[in-house]
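Below is one structure, written out as structure tokens; the observations come after it.
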Amino acid sequence: MFCFKYLGHIISNKFLDDDDVYREIRNMFTRTNILLRKFYNCSVSVKTLLFKTYCLCLYDVALWANYLSKSFDKFQSCYNKCVKLFFGYSKYDSVTGMLQETGLPSFSTVIHNNNISFNRCWNLCNNAIVAVLRNVN
């Protein structure tokens with residue numbers, strides 16, 4: 001298999017985005033561990049702000065079009081594990097209750113918001129090349 005990174009996005013000859021999904025999983029765990037190491041004594045409100053700012057910046061998620069459901073499920077599991085780890089919940093605690101207590105969005109909400117944001121920027125872009133690509137579809 002041949003793959004390379006272009007503008008931070010991993011492109012492979014299989015025309016699947018799984019390698020990029022796994023890259024984002026690694027990044028999420030890395031960022032969470034850094035936050036956990038440096039800010040474990042902070043209050044929940046500070047941790048929530050830090051997590052939203054530092055871990056929910058998923059810039060190329062809206063570009064994923066062709067991936068296996070297994071890899072996307074692993075990404076959702078990664079998100080839930082990172083939230084539980086950072087906020088000190090056990091692995092048996094309810095994800096819904098945890099998200100309500102912390103005020104964080106669910107994984108599906110994060111993905112949906114990224115897609116909406118990308119589509120808004122795509123449709124409002126005045127670049128001539130983007131306009132041509134937009135009209136092709």
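Residues in the structure tokens are numbered from 1 in each chain, the chains being A, B, ... in the order shown, and ligands are numbered from 1 in the order shown.
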
Contact check, segment 25-51 of chain A to segment 6-21 of chain A, at most 10 Å, counting only C-alpha atoms, closest pairs as a Markdown table:
```
| residue | atom | partner | partner_atom | distance |
| --- | --- | --- | --- | --- |
| A:Ile25 | CA | A:Val21 | CA | 6.3 |
| A:Arg26 | CA | A:Val21 | CA | 8.8 |
| A:Asn27 | CA | A:Val21 | CA | 9.8 |
```

| Near Phe51 of chain A, counting only C-alpha atoms, which residues have an atom at most 8 Å away, once you skip same-chain residues fewer than 4 positions from it, shown as a VMD selection string? | chain A and resid 32 35 47 55 to 56

Any chance you could export the current selection's N, CA and C atoms as an mmCIF file, in the first residue's frame?
```cif
data_model
loop_
_atom_site.group_PDB
_atom_site.id
_atom_site.type_symbol
_atom_site.label_atom_id
_atom_site.label_comp_id
_atom_site.auth_asym_id
_atom_site.auth_seq_id
_atom_site.Cartn_x
_atom_site.Cartn_y
_atom_site.Cartn_z
ATOM 1 N N THR A 32 -4.997 14.457 24.473
ATOM 2 C CA THR A 32 -5.627 14.200 25.765
ATOM 3 C C THR A 32 -4.585 13.885 26.829
ATOM 4 N N LEU A 35 -2.922 17.100 27.911
ATOM 5 C CA LEU A 35 -3.800 17.860 28.804
ATOM 6 C C LEU A 35 -3.889 17.211 30.176
ATOM 7 N N LYS A 47 -11.355 22.338 32.569
ATOM 8 C CA LYS A 47 -11.050 21.155 31.760
ATOM 9 C C LYS A 47 -11.938 21.090 30.520
ATOM 10 N N CYS A 55 -8.790 19.553 21.867
ATOM 11 C CA CYS A 55 -9.044 18.207 21.335
ATOM 12 C C CYS A 55 -10.139 18.148 20.278
ATOM 13 N N LEU A 56 -10.957 19.158 20.180
ATOM 14 C CA LEU A 56 -12.050 19.113 19.210
ATOM 15 C C LEU A 56 -11.760 19.899 17.941
#
```

| message | Taking 6 positions as the minimum chain separation for residues in the same chain, which residues sit within 12 Å of Pro105 of chain A when counting only C-alpha atoms? Answer as number ranges by chain. | response | A: 48, 51-52, 56, 79-80, 83, 95-99, 111-113

| message | I need the residue nearest Ala65 of chain A from this list: A:Asn115, A:Ser94, A:Thr102, A:Ser45. Use only C-alpha atoms for the distance. | response |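 Under the stated criterion, the closest residue is A:Asn115.
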
| query | Nearest to Ser117 of chain A: which of A:Met1, A:Tyr22, A:Lys38, A:Ala62 is it, counting only C-alpha atoms? | reply | A:Ala62

| So, counting only C-alpha atoms, which residue among A:Phe75, A:Phe4, A:Tyr59, A:Trp64 is closest to Met28 of chain A? | A:Phe75
